[in-house]
Amino acid sequence: MGESSSSIEDDLLLKNFFAEVSEVERDNEVLRILGCFKLNAFEFLNLPFNSSPDEVKRQYRKLSLLVHPDKCKHPQAKEAFSALAKAQQLLLDPEEREYLLSQINSAKEELRVKRKKQLKKDNASKIKSQVDEGKYEQQYEQSEEFQQQLKLKVRELLTEQEWRRRKMQMRISEEEGRLKKDEEETKEMWKRKREHEEQWEGTREKRVSSWRDFMKTGKKAKKGEIKPPKLKTEDPNKSYVQRPVKRG
């Protein structure tokens, strides 16, 4: 009963909210979404990095209604609406969410290391940090300054990871292309070999007849006739030694 009542209240609040939203605000939200860093789903939904899946769902519902193509007249409203849907999908996918959070944590660690180096140079801040037993640093990480630095550092790390992924994909594509080319060349080689063997077998009777005529008359084959292959005595791969024919 409590959950049903809460849902009704949320619907009422949303209804009142959208009744007050002007067309300009809808257009501005479309532009904000389209201007977001494409690799960070949290930015599209305008959420802090520690937002829960339930908060993701609520925020998506709110923003998607705001820029829905049926309610927003901006020409790129459909594109913004699709971007929000994709962002929600990524943040509700366990693997995608885990990857994004791992990059956020890495960014935090880098900023903390940088912060410690700065504190070593500032004795007053260092002493205050030690006296407050970490509260000073916790307050700093909640500040707008730190959050902005974190946002930029996350962008940097995500960009580096995406570049590595694309380079790896390029190498894989190049290797696949090389293997495909080698396979096609091998197929073509065997095709030519089969055609040659078929052609050679097709002229067998003609070659045998020409050889018999030569043995009988001792005359050379006429122009255009196929001659039997000659073996070089120095050929190490010869299967027999050609001997002269004795004439009676």
# chains A, B, ... in the order shown; residues from 1 in each chain; ligands from 1

call {"tool": "residues_around", "arguments": {"residues": "Lys71 in chain A", "least_positions_apart": "6", "cutoff": "12 Å", "atoms": "only C-alpha atoms", "output": "ChimeraX atom specification"}}
result
/A:18-19,21-23,26-27,30,63-65,77-78,81

call {"tool": "residues_around", "arguments": {"residues": "Glu96 in chain A", "least_positions_apart": "6", "cutoff": "12 Å", "atoms": "only C-alpha atoms", "output": "compact mmCIF listing (two decimals) with C-alpha atoms, in the first residue's frame"}}
result
# COMPACT_ATOMS: atom_id res chain seq x y z
CA LEU A 39 31.40 7.43 -23.45
CA ASN A 40 29.93 8.35 -20.05
CA ALA A 41 26.32 7.29 -19.55
CA PHE A 42 26.10 9.15 -16.22
CA LYS A 86 20.98 3.92 -24.46
CA ALA A 87 22.48 5.53 -21.34
CA GLN A 88 19.89 3.87 -19.10
CA GLN A 89 20.49 0.52 -20.80
CA LEU A 90 24.24 0.76 -20.17
CA SER A 102 36.05 0.72 -12.46
CA GLN A 103 37.19 3.63 -14.63
